[in-house]
$ cat run06.txt   # compact mmCIF, C-alpha atoms and all ligand atoms
# COMPACT_ATOMS: atom_id res chain seq x y z
CA MET A 819 -20.75 34.16 30.06
CA THR A 820 -23.44 31.51 29.61
CA SER A 821 -23.43 27.98 30.95
CA LEU A 822 -25.40 24.82 30.37
CA LEU A 823 -25.48 21.51 32.24
CA VAL A 824 -26.73 18.42 30.39
CA ARG A 825 -27.45 15.89 33.11
CA ASN A 826 -28.70 12.35 33.75
CA ALA A 827 -27.29 11.30 30.40
CA THR A 828 -25.80 8.22 28.77
CA ILE A 829 -23.02 10.01 26.90
CA LEU A 830 -21.51 8.48 23.77
CA THR A 831 -18.42 10.63 23.79
CA MET A 832 -17.02 9.37 20.45
CA ASN A 833 -13.55 10.08 21.82
CA ASP A 834 -10.65 7.92 20.64
CA ALA A 835 -11.49 5.25 23.22
CA PHE A 836 -15.23 5.36 22.38
CA ASP A 837 -15.97 5.93 26.07
CA VAL A 838 -19.62 5.77 27.09
CA VAL A 839 -20.14 7.76 30.28
CA GLU A 840 -23.12 7.97 32.64
CA GLY A 841 -23.31 11.50 33.94
CA ALA A 842 -23.29 15.08 32.75
CA VAL A 843 -21.74 17.52 30.30
CA LEU A 844 -20.88 21.02 31.48
CA VAL A 845 -20.76 23.76 28.85
CA ARG A 846 -19.45 27.29 29.24
CA ASP A 847 -19.45 29.95 26.53
CA GLY A 848 -20.23 27.47 23.81
CA ARG A 849 -17.44 25.02 24.70
CA ILE A 850 -17.49 21.75 26.61
CA VAL A 851 -15.59 22.18 29.86
CA ALA A 852 -16.26 18.88 31.65
CA VAL A 853 -17.70 15.43 30.97
CA GLY A 854 -18.26 12.80 33.65
CA ALA A 855 -20.14 11.74 36.75
CA GLU A 856 -22.18 14.71 37.95
CA ALA A 857 -20.55 14.65 41.39
CA THR A 858 -17.12 15.21 39.81
CA ILE A 859 -18.26 18.15 37.70
CA GLY A 860 -19.01 20.38 40.67
CA SER A 861 -22.09 22.27 41.66
CA THR A 862 -21.48 25.83 40.49
CA PRO A 863 -24.77 27.37 39.38
CA VAL A 864 -25.52 27.26 35.65
CA ASP A 865 -27.82 29.36 33.46
CA ARG A 866 -29.62 26.37 32.03
CA VAL A 867 -30.08 22.68 32.86
CA LEU A 868 -31.05 20.22 30.15
CA ASP A 869 -32.33 16.99 31.62
CA ALA A 870 -31.30 14.12 29.35
CA ARG A 871 -32.97 11.40 31.43
CA GLN A 872 -33.87 8.40 29.23
CA GLY A 873 -31.66 9.83 26.55
CA PHE A 874 -28.49 9.07 24.63
CA VAL A 875 -26.30 12.14 24.37
CA LEU A 876 -24.01 12.11 21.38
CA PRO A 877 -22.03 14.62 19.34
CA GLY A 878 -24.13 16.65 16.91
CA LEU A 879 -24.26 14.94 13.53
CA VAL A 880 -22.04 16.39 10.79
CA GLN A 881 -23.43 16.11 7.25
CA THR A 882 -20.69 16.70 4.73
CA HIS A 883 -22.75 16.82 1.57
CA VAL A 884 -25.95 18.83 1.29
CA HIS A 885 -27.39 21.55 -0.94
CA LEU A 886 -29.55 23.85 1.20
CA CYS A 887 -30.71 25.68 -1.94
CA GLN A 888 -32.31 22.49 -3.30
CA THR A 889 -34.67 22.03 -0.37
CA LEU A 890 -37.47 23.81 -2.24
CA PHE A 891 -36.98 21.39 -5.17
CA ARG A 892 -38.24 18.45 -3.09
CA GLY A 893 -40.79 16.54 -5.16
CA TYR A 894 -40.06 18.57 -8.31
CA ALA A 895 -37.27 16.31 -9.55
CA ASP A 896 -38.19 12.70 -8.85
CA ASP A 897 -37.53 9.57 -10.88
CA LEU A 898 -34.68 10.72 -13.15
CA PRO A 899 -31.04 9.63 -13.51
CA LEU A 900 -28.29 12.13 -12.61
CA LEU A 901 -27.65 13.97 -15.89
CA ASP A 902 -31.36 14.26 -16.84
CA TRP A 903 -32.14 15.23 -13.25
CA LEU A 904 -29.63 18.09 -13.54
CA ARG A 905 -30.54 19.23 -17.07
CA GLN A 906 -34.32 18.95 -16.84
CA ARG A 907 -34.97 19.96 -13.25
CA VAL A 908 -32.16 21.02 -10.93
CA TRP A 909 -30.30 23.45 -13.19
CA PRO A 910 -33.49 25.23 -14.41
CA LEU A 911 -34.69 25.46 -10.79
CA GLU A 912 -31.34 26.79 -9.55
CA ALA A 913 -31.33 29.36 -12.37
CA ALA A 914 -34.78 30.55 -11.21
CA HIS A 915 -33.74 31.11 -7.58
CA THR A 916 -33.98 34.61 -6.06
CA PRO A 917 -32.60 35.80 -2.72
CA ALA A 918 -36.10 35.36 -1.24
CA SER A 919 -36.48 31.77 -2.46
CA LEU A 920 -32.96 30.96 -1.28
CA ARG A 921 -33.76 32.27 2.20
CA ALA A 922 -36.96 30.19 2.32
CA SER A 923 -35.07 27.09 1.16
CA THR A 924 -32.31 27.61 3.74
CA ALA A 925 -34.71 28.17 6.64
CA LEU A 926 -36.71 25.05 5.75
CA ALA A 927 -33.52 22.98 5.48
CA ALA A 928 -32.16 24.29 8.77
CA ALA A 929 -35.45 23.44 10.50
CA GLU A 930 -35.37 19.86 9.23
CA LEU A 931 -31.65 19.39 9.91
CA LEU A 932 -31.80 20.66 13.49
CA LEU A 933 -34.97 18.70 14.30
CA THR A 934 -33.26 15.49 13.13
CA GLY A 935 -29.98 16.04 14.99
CA THR A 936 -27.65 17.55 12.38
CA THR A 937 -25.60 20.38 13.87
CA SER A 938 -23.02 20.98 11.08
CA VAL A 939 -23.19 20.85 7.31
CA LEU A 940 -20.87 21.18 4.36
CA THR A 941 -23.15 22.64 1.70
CA MET A 942 -22.83 23.48 -1.98
CA GLU A 943 -25.14 26.31 -2.92
CA THR A 944 -26.01 27.64 -6.37
CA VAL A 945 -24.06 30.07 -8.57
CA HIS A 946 -25.71 33.31 -7.45
CA ASP A 947 -26.89 35.05 -4.28
CA THR A 948 -25.05 32.87 -1.75
CA ASP A 949 -25.07 35.89 0.59
CA ALA A 950 -28.81 35.27 1.07
CA VAL A 951 -28.09 31.72 2.28
CA LEU A 952 -25.39 32.89 4.70
CA GLU A 953 -27.56 35.75 6.02
CA CYS A 954 -30.37 33.29 6.73
CA LEU A 955 -27.99 30.78 8.36
CA VAL A 956 -26.81 33.35 10.92
CA GLY A 957 -30.27 33.41 12.50
CA THR A 958 -30.79 29.63 12.50
CA GLY A 959 -27.82 28.78 14.74
CA LEU A 960 -26.76 25.88 12.47
CA ARG A 961 -23.00 25.44 11.92
CA ALA A 962 -22.19 25.45 8.20
CA THR A 963 -19.34 25.47 5.71
CA VAL A 964 -20.83 27.06 2.61
CA GLY A 965 -19.57 27.19 -0.96
CA LYS A 966 -20.96 29.09 -3.89
CA CYS A 967 -21.27 26.66 -6.81
CA MET A 968 -18.74 27.33 -9.57
CA MET A 969 -19.65 26.42 -13.19
CA ASP A 970 -17.89 27.88 -16.22
CA ALA A 971 -17.91 25.14 -18.89
CA PRO A 972 -20.39 25.11 -21.77
CA ALA A 973 -21.90 21.81 -20.64
CA GLU A 974 -25.10 20.54 -22.27
CA GLY A 975 -28.28 21.80 -20.65
CA VAL A 976 -26.78 24.52 -18.44
CA PRO A 977 -29.04 27.60 -18.40
CA PRO A 978 -27.14 30.78 -19.38
CA ARG A 979 -27.70 32.31 -15.94
CA LEU A 980 -25.67 29.53 -14.27
CA ARG A 981 -22.59 29.99 -16.45
CA GLU A 982 -19.92 32.48 -15.54
CA SER A 983 -16.25 32.98 -16.29
CA ALA A 984 -13.63 31.12 -14.27
CA ARG A 985 -12.29 34.47 -13.06
CA ARG A 986 -15.69 35.63 -11.84
CA ALA A 987 -16.39 32.29 -10.14
CA ILE A 988 -13.11 32.46 -8.23
CA ASP A 989 -13.39 36.18 -7.41
CA GLU A 990 -16.91 35.78 -6.07
CA SER A 991 -15.91 32.75 -3.97
CA VAL A 992 -12.97 34.64 -2.50
CA ALA A 993 -15.16 37.70 -1.86
CA LEU A 994 -17.72 35.54 -0.04
CA ARG A 995 -14.90 34.18 2.08
CA ARG A 996 -13.76 37.70 2.99
CA ARG A 997 -17.32 38.65 3.94
CA TRP A 998 -18.49 35.55 5.77
CA HIS A 999 -15.68 33.23 6.92
CA GLY A 1000 -15.92 33.19 10.72
CA ALA A 1001 -19.28 34.98 10.86
CA GLY A 1002 -22.13 33.88 13.16
CA GLU A 1003 -19.76 33.69 16.17
CA GLY A 1004 -17.46 31.46 14.13
CA ARG A 1005 -20.18 29.00 13.08
CA LEU A 1006 -20.05 29.95 9.41
CA ARG A 1007 -17.13 29.10 7.14
CA VAL A 1008 -16.68 29.43 3.41
CA ALA A 1009 -15.39 26.74 1.05
CA LEU A 1010 -14.71 26.54 -2.69
CA ALA A 1011 -17.32 24.52 -4.60
CA PRO A 1012 -16.56 23.63 -8.23
CA ARG A 1013 -19.68 21.61 -9.14
CA PHE A 1014 -18.07 18.68 -10.98
CA ALA A 1015 -15.64 18.06 -13.82
CA VAL A 1016 -18.39 18.22 -16.43
CA SER A 1017 -19.39 21.80 -15.61
CA CYS A 1018 -15.93 23.25 -14.92
CA THR A 1019 -13.05 24.07 -17.25
CA ARG A 1020 -9.58 22.86 -16.38
CA ASP A 1021 -8.59 26.54 -15.87
CA LEU A 1022 -11.24 26.91 -13.18
CA LEU A 1023 -10.23 23.70 -11.39
CA GLU A 1024 -6.55 24.72 -11.46
CA ALA A 1025 -7.40 28.20 -10.16
CA ALA A 1026 -9.47 26.64 -7.36
CA ALA A 1027 -6.54 24.37 -6.47
CA ALA A 1028 -4.25 27.41 -6.26
CA VAL A 1029 -6.62 29.33 -3.95
CA SER A 1030 -7.12 26.22 -1.81
CA ALA A 1031 -3.36 25.83 -1.41
CA GLN A 1032 -2.75 29.54 -0.69
CA GLU A 1033 -5.52 29.97 1.86
CA GLN A 1034 -5.91 26.37 3.09
CA VAL A 1035 -9.52 26.32 1.95
CA VAL A 1036 -11.72 23.24 1.82
CA VAL A 1037 -12.82 22.31 -1.73
CA HIS A 1038 -16.22 20.65 -2.07
CA THR A 1039 -17.13 18.84 -5.30
CA HIS A 1040 -18.84 15.79 -6.82
CA ALA A 1041 -17.22 12.93 -8.75
CA SER A 1042 -17.96 9.49 -10.17
CA GLU A 1043 -21.60 9.56 -9.20
CA SER A 1044 -23.03 7.95 -12.35
CA ARG A 1045 -21.58 5.86 -15.15
CA ALA A 1046 -22.83 8.34 -17.77
CA GLU A 1047 -20.95 11.14 -15.99
CA VAL A 1048 -17.76 9.05 -15.78
CA ASP A 1049 -18.01 8.35 -19.54
CA LEU A 1050 -18.49 12.06 -20.26
CA VAL A 1051 -15.44 13.02 -18.18
CA ARG A 1052 -13.37 10.34 -19.92
CA ARG A 1053 -14.42 11.71 -23.31
CA GLN A 1054 -13.65 15.29 -22.29
CA THR A 1055 -10.37 14.71 -20.46
CA GLY A 1056 -9.16 11.24 -21.39
CA MET A 1057 -9.04 10.45 -17.67
CA ASN A 1058 -11.11 9.06 -14.85
CA ASN A 1059 -12.53 11.66 -12.45
CA VAL A 1060 -10.10 11.23 -9.57
CA ALA A 1061 -7.03 11.10 -11.82
CA TYR A 1062 -8.28 14.28 -13.52
CA LEU A 1063 -8.84 16.07 -10.19
CA ASP A 1064 -5.31 15.03 -9.26
CA ALA A 1065 -3.94 16.38 -12.55
CA THR A 1066 -5.51 19.79 -11.78
CA GLY A 1067 -3.79 19.89 -8.37
CA LEU A 1068 -7.05 19.52 -6.43
CA ALA A 1069 -6.43 16.08 -4.94
CA THR A 1070 -5.18 17.05 -1.47
CA SER A 1071 -6.35 16.47 2.10
CA ARG A 1072 -8.60 19.55 1.69
CA LEU A 1073 -10.57 17.97 -1.17
CA CYS A 1074 -14.03 16.68 -0.22
CA VAL A 1075 -15.62 14.57 -2.96
CA ALA A 1076 -19.24 13.49 -2.87
CA HIS A 1077 -20.32 10.05 -4.15
CA CYS A 1078 -17.16 8.27 -5.50
CA ILE A 1079 -19.25 5.30 -6.63
CA TRP A 1080 -17.63 4.39 -9.94
CA ILE A 1081 -13.97 4.49 -8.98
CA ASP A 1082 -11.42 1.88 -9.92
CA ASP A 1083 -8.62 0.43 -7.86
CA GLU A 1084 -6.15 3.08 -9.01
CA GLU A 1085 -8.53 5.90 -8.01
CA GLN A 1086 -9.11 4.30 -4.61
CA ARG A 1087 -5.35 4.13 -4.12
CA LEU A 1088 -4.99 7.79 -5.13
CA ILE A 1089 -7.76 8.89 -2.75
CA ALA A 1090 -6.06 7.08 0.13
CA GLU A 1091 -2.59 8.36 -0.77
CA ARG A 1092 -3.69 12.02 -1.06
CA ASP A 1093 -5.97 11.81 2.00
CA VAL A 1094 -8.90 12.99 -0.14
CA LYS A 1095 -12.14 12.93 1.84
CA VAL A 1096 -15.07 10.86 0.55
CA LEU A 1097 -18.62 12.11 1.21
CA HIS A 1098 -20.95 9.12 1.10
CA CYS A 1099 -24.61 9.79 0.20
CA PRO A 1100 -26.34 6.41 0.19
CA GLY A 1101 -29.94 7.72 0.04
CA SER A 1102 -29.28 9.94 -2.95
CA ASN A 1103 -27.25 7.21 -4.67
CA LEU A 1104 -30.21 4.85 -4.40
CA LYS A 1105 -32.90 7.30 -5.50
CA LEU A 1106 -31.02 8.51 -8.59
CA GLY A 1107 -30.16 4.88 -9.35
CA SER A 1108 -26.50 5.88 -9.32
CA GLY A 1109 -25.05 2.79 -7.67
CA LEU A 1110 -23.50 1.40 -4.49
CA ALA A 1111 -20.26 3.06 -3.39
CA PRO A 1112 -17.25 0.90 -2.38
CA ILE A 1113 -17.24 2.28 1.17
CA ALA A 1114 -15.98 -0.88 2.87
CA GLU A 1115 -12.97 -0.92 0.52
CA LEU A 1116 -12.26 2.79 1.03
CA ALA A 1117 -12.55 2.48 4.81
CA GLY A 1118 -10.28 -0.56 4.62
CA ARG A 1119 -7.64 1.60 2.92
CA GLY A 1120 -7.89 4.12 5.75
CA VAL A 1121 -9.82 6.73 3.74
CA CYS A 1122 -11.83 9.21 5.81
CA VAL A 1123 -15.47 8.65 4.84
CA SER A 1124 -18.30 10.84 6.14
CA LEU A 1125 -22.00 11.03 5.37
CA GLY A 1126 -24.56 13.40 3.85
CA ALA A 1127 -28.14 13.33 2.66
CA ASP A 1128 -27.25 15.33 -0.49
CA GLY A 1129 -30.20 17.59 -1.43
CA ALA A 1130 -33.92 17.28 -0.89
CA ALA A 1131 -34.22 17.09 -4.69
CA CYS A 1132 -32.57 13.66 -4.76
CA ASN A 1133 -33.11 12.08 -1.35
CA ASN A 1134 -35.78 13.52 -0.45
CA ARG A 1135 -35.09 13.66 3.30
CA LEU A 1136 -32.33 15.45 5.16
CA ASP A 1137 -32.47 13.01 8.09
CA MET A 1138 -28.95 11.73 8.90
CA PHE A 1139 -30.36 8.71 10.76
CA ALA A 1140 -31.73 7.42 7.44
CA GLU A 1141 -28.26 7.83 5.89
CA MET A 1142 -26.59 6.00 8.78
CA ARG A 1143 -28.90 3.02 8.44
CA LEU A 1144 -28.43 2.90 4.66
CA ALA A 1145 -24.66 3.26 4.95
CA ALA A 1146 -24.50 0.13 7.09
CA THR A 1147 -27.12 -1.95 5.29
CA LEU A 1148 -25.88 -1.25 1.77
CA GLN A 1149 -22.39 -2.47 2.64
CA ALA A 1150 -24.04 -5.57 4.13
CA VAL A 1151 -25.62 -6.17 0.70
CA ARG A 1152 -22.32 -5.58 -1.10
CA ARG A 1153 -19.86 -7.35 1.16
CA GLY A 1154 -21.79 -9.11 3.92
CA PRO A 1155 -23.18 -8.06 7.30
CA GLY A 1156 -20.58 -6.72 9.71
CA VAL A 1157 -18.24 -5.26 7.10
CA LEU A 1158 -19.27 -1.79 8.31
CA ARG A 1159 -20.46 -1.92 11.90
CA ALA A 1160 -22.89 0.41 13.64
CA ARG A 1161 -20.13 2.04 15.68
CA ASP A 1162 -18.07 2.69 12.51
CA VAL A 1163 -21.09 4.41 10.98
CA VAL A 1164 -21.63 6.65 14.02
CA TRP A 1165 -17.93 7.52 13.73
CA MET A 1166 -18.48 8.55 10.09
CA ALA A 1167 -21.45 10.70 11.12
CA THR A 1168 -19.50 12.52 13.83
CA ARG A 1169 -15.67 12.24 13.88
CA GLY A 1170 -15.47 11.48 10.16
CA GLY A 1171 -17.44 14.62 9.39
CA ALA A 1172 -15.28 16.73 11.68
CA ARG A 1173 -12.07 15.40 10.14
CA THR A 1174 -13.46 16.00 6.65
CA LEU A 1175 -13.95 19.67 7.51
CA GLY A 1176 -10.43 19.88 8.95
CA ALA A 1177 -12.09 20.49 12.32
CA ASP A 1178 -11.32 17.33 14.29
CA ARG A 1179 -9.94 19.42 17.16
CA GLU A 1180 -13.13 21.50 17.34
CA LEU A 1181 -16.01 19.14 16.54
CA GLY A 1182 -17.15 15.54 16.38
CA SER A 1183 -16.82 14.30 19.94
CA ILE A 1184 -17.91 15.22 23.45
CA GLU A 1185 -14.60 16.20 24.99
CA PRO A 1186 -13.46 19.22 26.98
CA GLY A 1187 -12.33 22.08 24.74
CA LYS A 1188 -14.55 21.23 21.80
CA HIS A 1189 -17.61 23.16 20.63
CA ALA A 1190 -20.70 22.18 22.58
CA ASP A 1191 -22.52 20.61 19.62
CA LEU A 1192 -24.54 17.69 20.92
CA ILE A 1193 -27.91 16.00 20.65
CA VAL A 1194 -30.20 14.05 22.95
CA VAL A 1195 -31.93 11.01 21.44
CA ASP A 1196 -34.97 9.79 23.36
CA ARG A 1197 -34.34 6.16 24.30
CA SER A 1198 -37.67 5.61 26.03
CA ARG A 1199 -39.46 5.00 22.73
CA PRO A 1200 -40.66 1.46 22.01
CA HIS A 1201 -38.15 0.85 19.21
CA LEU A 1202 -35.19 2.00 21.34
CA ALA A 1203 -36.11 1.01 24.89
CA SER A 1204 -34.50 -2.43 25.20
CA ALA A 1205 -31.47 -2.18 22.91
CA PRO A 1206 -28.31 -3.34 24.70
CA ASP A 1207 -25.91 -1.47 22.41
CA PRO A 1208 -26.37 2.29 21.88
CA TYR A 1209 -24.60 2.32 18.48
CA SER A 1210 -26.88 -0.42 17.20
CA ALA A 1211 -29.92 1.45 18.53
CA LEU A 1212 -28.87 4.69 16.81
CA VAL A 1213 -27.93 3.23 13.42
CA TYR A 1214 -30.44 0.43 12.97
CA ALA A 1215 -33.47 1.50 15.00
CA ALA A 1216 -33.51 5.26 15.59
CA GLY A 1217 -34.85 7.97 13.30
CA GLY A 1218 -34.48 11.73 13.25
CA SER A 1219 -37.84 12.15 14.93
CA ASP A 1220 -36.34 10.59 18.07
CA VAL A 1221 -34.12 13.65 18.60
CA ARG A 1222 -35.35 15.41 21.73
CA ALA A 1223 -32.78 18.20 21.89
CA THR A 1224 -30.17 19.74 19.62
CA VAL A 1225 -27.45 22.02 20.96
CA VAL A 1226 -25.02 24.01 18.77
CA GLY A 1227 -22.24 25.99 20.41
CA GLY A 1228 -24.03 25.69 23.74
CA ALA A 1229 -27.30 27.13 22.37
CA VAL A 1230 -30.35 24.87 22.71
CA LEU A 1231 -31.89 25.03 19.21
CA VAL A 1232 -34.27 22.09 19.64
CA ASP A 1233 -35.84 21.60 23.04
CA GLU A 1234 -38.36 18.81 23.78
CA PHE A 1235 -38.68 18.13 20.03
CA ALA A 1236 -39.43 21.80 19.20
CA LEU A 1237 -37.33 24.41 17.42
CA THR A 1238 -36.44 27.40 19.57
CA ARG A 1239 -35.23 29.92 16.94
CA ILE A 1240 -37.08 28.98 13.77
CA ASP A 1241 -40.89 29.20 13.62
CA PRO A 1242 -41.63 25.94 11.77
CA ALA A 1243 -45.14 26.92 10.68
CA ARG A 1244 -43.87 30.15 9.18
CA ALA A 1245 -40.89 28.44 7.54
CA ALA A 1246 -43.20 25.82 6.01
CA ALA A 1247 -45.72 28.37 4.71
CA GLU A 1248 -43.01 30.59 3.19
CA ALA A 1249 -41.31 27.57 1.64
CA ALA A 1250 -44.52 26.29 0.05
CA ASP A 1251 -45.24 29.72 -1.40
CA GLU A 1252 -41.69 30.29 -2.67
CA ALA A 1253 -41.47 26.73 -4.11
CA ARG A 1254 -44.61 27.26 -6.19
CA ARG A 1255 -43.34 30.56 -7.57
CA LEU A 1256 -39.87 29.13 -8.18
CA ALA A 1257 -41.24 26.19 -10.15
CA ALA A 1258 -43.38 28.56 -12.23
CA ARG A 1259 -40.33 30.73 -13.02
CA ALA A 1260 -38.42 27.60 -14.02
CA GLY A 1261 -41.27 26.58 -16.32
CA LEU A 1262 -41.99 23.35 -14.43
ZN ZN A 1301 -24.70 16.91 -4.43
$ encode --input "run06.txt" --output "structure tokens" --more "lines below"
Ligand SMILES: [Zn+2]
Amino acid sequence: MTSLLVRNATILTMNDAFDVVEGAVLVRDGRIVAVGAEATIGSTPVDRVLDARQGFVLPGLVQTHVHLCQTLFRGYADDLPLLDWLRQRVWPLEAAHTPASLRASTALAAAELLLTGTTSVLTMETVHDTDAVLECLVGTGLRATVGKCMMDAPAEGVPPRLRESARRAIDESVALRRRWHGAGEGRLRVALAPRFAVSCTRDLLEAAAAVSAQEQVVVHTHASESRAEVDLVRRQTGMNNVAYLDATGLATSRLCVAHCIWIDDEEQRLIAERDVKVLHCPGSNLKLGSGLAPIAELAGRGVCVSLGADGAACNNRLDMFAEMRLAATLQAVRRGPGVLRARDVVWMATRGGARTLGADRELGSIEPGKHADLIVVDRSRPHLASAPDPYSALVYAAGGSDVRATVVGGAVLVDEFALTRIDPARAAAEAADEARRLAARAGL
């Protein structure tokens, strides 16, 4: 039995009432057991005290769209639109991955994510060797829902190594789930990850829908990210992306769709009606020149929207604070300031992420019974010191480098701005070495 007391904190609970509490959080065996004034929590001895003086304590950030395997591609795939970016850089690099390069990429990503306050991710990996990613994740302490990328269609520019049969893609995904779902003391989960309509046959998408329904598995995919992709899907299927996903049986409350930029009114209605989850990636959408997603409209229809950095190959940061700021400011450009407020954006980054993963009862707020995933943001810094509203401070002024502590399942993984389980110098050196060799294998 291990216990942790986070004290002297301004706690943004992100509960249904958005209560902000001055006091402490008591954690036992990885779960939150009490939140409130320190005097009411009791004085039983604890194994560890984390002093959050001059800090905002908030739920750990949940990023619902990342690709850990692409972290080594950072800087190797700049300045291209989506389909060229995939064909010329990302697919050749993914095809050149080995278990060693995947481990280096995962460790580097975990280091960056934890240092900048992300405690949970939904990640789409590559076609092969996803065991290496999961093995590495166990040691990092990060909470992750991982899917092996599924691609079986003869799409233009796909290297032979990334194509497999629909049967093999499904069998391997199911086998990964048998091996890893619930591993790492329950932190690791396994999802299905058909890449996008362009690289999957209808047979594969229908088979994924059947497995998702049978086993209640989350499905993680991309759709309507660029206009060229939407045109391609229309040519191949005669339908828009979301209508096509619906026709395959995938459009359910378990479907998590990244981007959703170029969606019409009918698709927005369908997303809301089926409770499909939208994964908003504003940084990636800007860098690839993809477009501005209609997030205010989706939120207005009651759609659950959450946030992700996407990969380091298209962002190139994994800092959720950058995504929060962009999420708010881009909607201000589209629809006017105030259409998506700072508090709504913090909700997307915490509760929205938890709901997307089907884990709203386990994650996303600081409430008794939930996993003790929380972060401490240093509010003594010049750019945060005088802000009257904590949500405004976090969304508009804070950055990932303001995160002083990161706790996942009661384990302190970042303490006084330093990683406790990952050696950052070693992770950086291994990543630089593996990235060079990976790029050489890919012919870049
Ligand atoms: Zn992506």
$ residues_around --input "run06.txt" --residues "Ala1026 (chain A)" --least-positions-apart "5" --cutoff "9 Å" --atoms "only C-alpha atoms" --output "number ranges by chain"
A: 988, 1010-1012, 1021, 1031, 1037, 1067-1068
$ residues_near_ligand --input "run06.txt" --ligand "ligand ZN 1301 (chain A)" --cutoff "8 Å" --atoms "only C-alpha atoms and all ligand atoms" --output "list in words"
His883, Val884, His885, Met942, Thr1039, His1040, Ala1076, Asp1128 and Gly1129 of chain A
$ write_last_selection --input "run06.txt" --atoms "C-alpha atoms" --output "compact mmCIF listing (two decimals), in the coordinates of the input"
# COMPACT_ATOMS: atom_id res chain seq x y z
CA HIS A 883 -22.75 16.82 1.57
CA VAL A 884 -25.95 18.83 1.29
CA HIS A 885 -27.39 21.55 -0.94
CA MET A 942 -22.83 23.48 -1.98
CA THR A 1039 -17.13 18.84 -5.30
CA HIS A 1040 -18.84 15.79 -6.82
CA ALA A 1076 -19.24 13.49 -2.87
CA ASP A 1128 -27.25 15.33 -0.49
CA GLY A 1129 -30.20 17.59 -1.43
$ closest_atom_pairs --input "run06.txt" --of "region 1054-1131 of chain A" --to "region 1156-1172 of chain A" --cutoff "12 Å" --atoms "all atoms listed in the file" --output "JSON lines"
{"residue": "A:Cys1074", "atom": "CA", "partner": "A:Gly1171", "partner_atom": "CA", "distance": 10.4}
{"residue": "A:Lys1095", "atom": "CA", "partner": "A:Gly1170", "partner_atom": "CA", "distance": 9.1}
{"residue": "A:Val1096", "atom": "CA", "partner": "A:Gly1170", "partner_atom": "CA", "distance": 9.6}
{"residue": "A:Leu1097", "atom": "CA", "partner": "A:Gly1171", "partner_atom": "CA", "distance": 8.6}
{"residue": "A:His1098", "atom": "CA", "partner": "A:Met1166", "partner_atom": "CA", "distance": 9.3}
{"residue": "A:Cys1099", "atom": "CA", "partner": "A:Ala1167", "partner_atom": "CA", "distance": 11.4}
{"residue": "A:Pro1112", "atom": "CA", "partner": "A:Leu1158", "partner_atom": "CA", "distance": 11.2}
{"residue": "A:Ile1113", "atom": "CA", "partner": "A:Leu1158", "partner_atom": "CA", "distance": 8.5}
{"residue": "A:Ala1114", "atom": "CA", "partner": "A:Leu1158", "partner_atom": "CA", "distance": 6.4}
{"residue": "A:Glu1115", "atom": "CA", "partner": "A:Val1157", "partner_atom": "CA", "distance": 9.5}
{"residue": "A:Leu1116", "atom": "CA", "partner": "A:Leu1158", "partner_atom": "CA", "distance": 11.1}
{"residue": "A:Ala1117", "atom": "CA", "partner": "A:Leu1158", "partner_atom": "CA", "distance": 8.7}
{"residue": "A:Gly1118", "atom": "CA", "partner": "A:Val1157", "partner_atom": "CA", "distance": 9.6}
{"residue": "A:Gly1120", "atom": "CA", "partner": "A:Gly1170", "partner_atom": "CA", "distance": 11.4}
{"residue": "A:Val1121", "atom": "CA", "partner": "A:Gly1170", "partner_atom": "CA", "distance": 9.8}
{"residue": "A:Cys1122", "atom": "CA", "partner": "A:Gly1170", "partner_atom": "CA", "distance": 6.1}
{"residue": "A:Val1123", "atom": "CA", "partner": "A:Gly1170", "partner_atom": "CA", "distance": 6.0}
{"residue": "A:Ser1124", "atom": "CA", "partner": "A:Met1166", "partner_atom": "CA", "distance": 4.6}
{"residue": "A:Leu1125", "atom": "CA", "partner": "A:Ala1167", "partner_atom": "CA", "distance": 5.8}
{"residue": "A:Gly1126", "atom": "CA", "partner": "A:Ala1167", "partner_atom": "CA", "distance": 8.4}
{"residue": "A:Ala1127", "atom": "CA", "partner": "A:Ala1167", "partner_atom": "CA", "distance": 11.1}
$ atom_distance --input "run06.txt" --atom1 "CA of Arg1119 (chain A)" --atom2 "CA of Asp1083 (chain A)"
10.9 Å
$ closest_residue --input "run06.txt" --among "A:Ala1061, A:Ile859, A:Thr944, A:Thr1070" --to "Val1048 (chain A)" --atoms "all atoms listed in the file"
A:Ala1061
$ closest_atom_pairs --input "run06.txt" --of "region 921-946 of chain A" --to "region 1191-1198 of chain A" --cutoff "12 Å" --atoms "only C-alpha atoms" --output "JSON lines"
{"residue": "A:Leu931", "atom": "CA", "partner": "A:Ile1193", "partner_atom": "CA", "distance": 11.9}
{"residue": "A:Leu932", "atom": "CA", "partner": "A:Ile1193", "partner_atom": "CA", "distance": 9.4}
{"residue": "A:Leu933", "atom": "CA", "partner": "A:Ile1193", "partner_atom": "CA", "distance": 9.9}
{"residue": "A:Thr934", "atom": "CA", "partner": "A:Ile1193", "partner_atom": "CA", "distance": 9.2}
{"residue": "A:Gly935", "atom": "CA", "partner": "A:Ile1193", "partner_atom": "CA", "distance": 6.0}
{"residue": "A:Thr936", "atom": "CA", "partner": "A:Ile1193", "partner_atom": "CA", "distance": 8.4}
{"residue": "A:Thr937", "atom": "CA", "partner": "A:Asp1191", "partner_atom": "CA", "distance": 6.5}
{"residue": "A:Ser938", "atom": "CA", "partner": "A:Asp1191", "partner_atom": "CA", "distance": 8.6}
$ closest_residue --input "run06.txt" --among "A:Ala1009, A:Leu1237, A:Ile1184, A:Ala827" --to "Val867 (chain A)" --atoms "all atoms listed in the file"
A:Ala827
$ residues_around --input "run06.txt" --residues "region 902-917 of chain A" --least-positions-apart "2" --cutoff "6 Å" --atoms "all atoms listed in the file" --output "ChimeraX atom specification"
/A:895,898-900,919-920,947,950,975,979-980,1259-1260
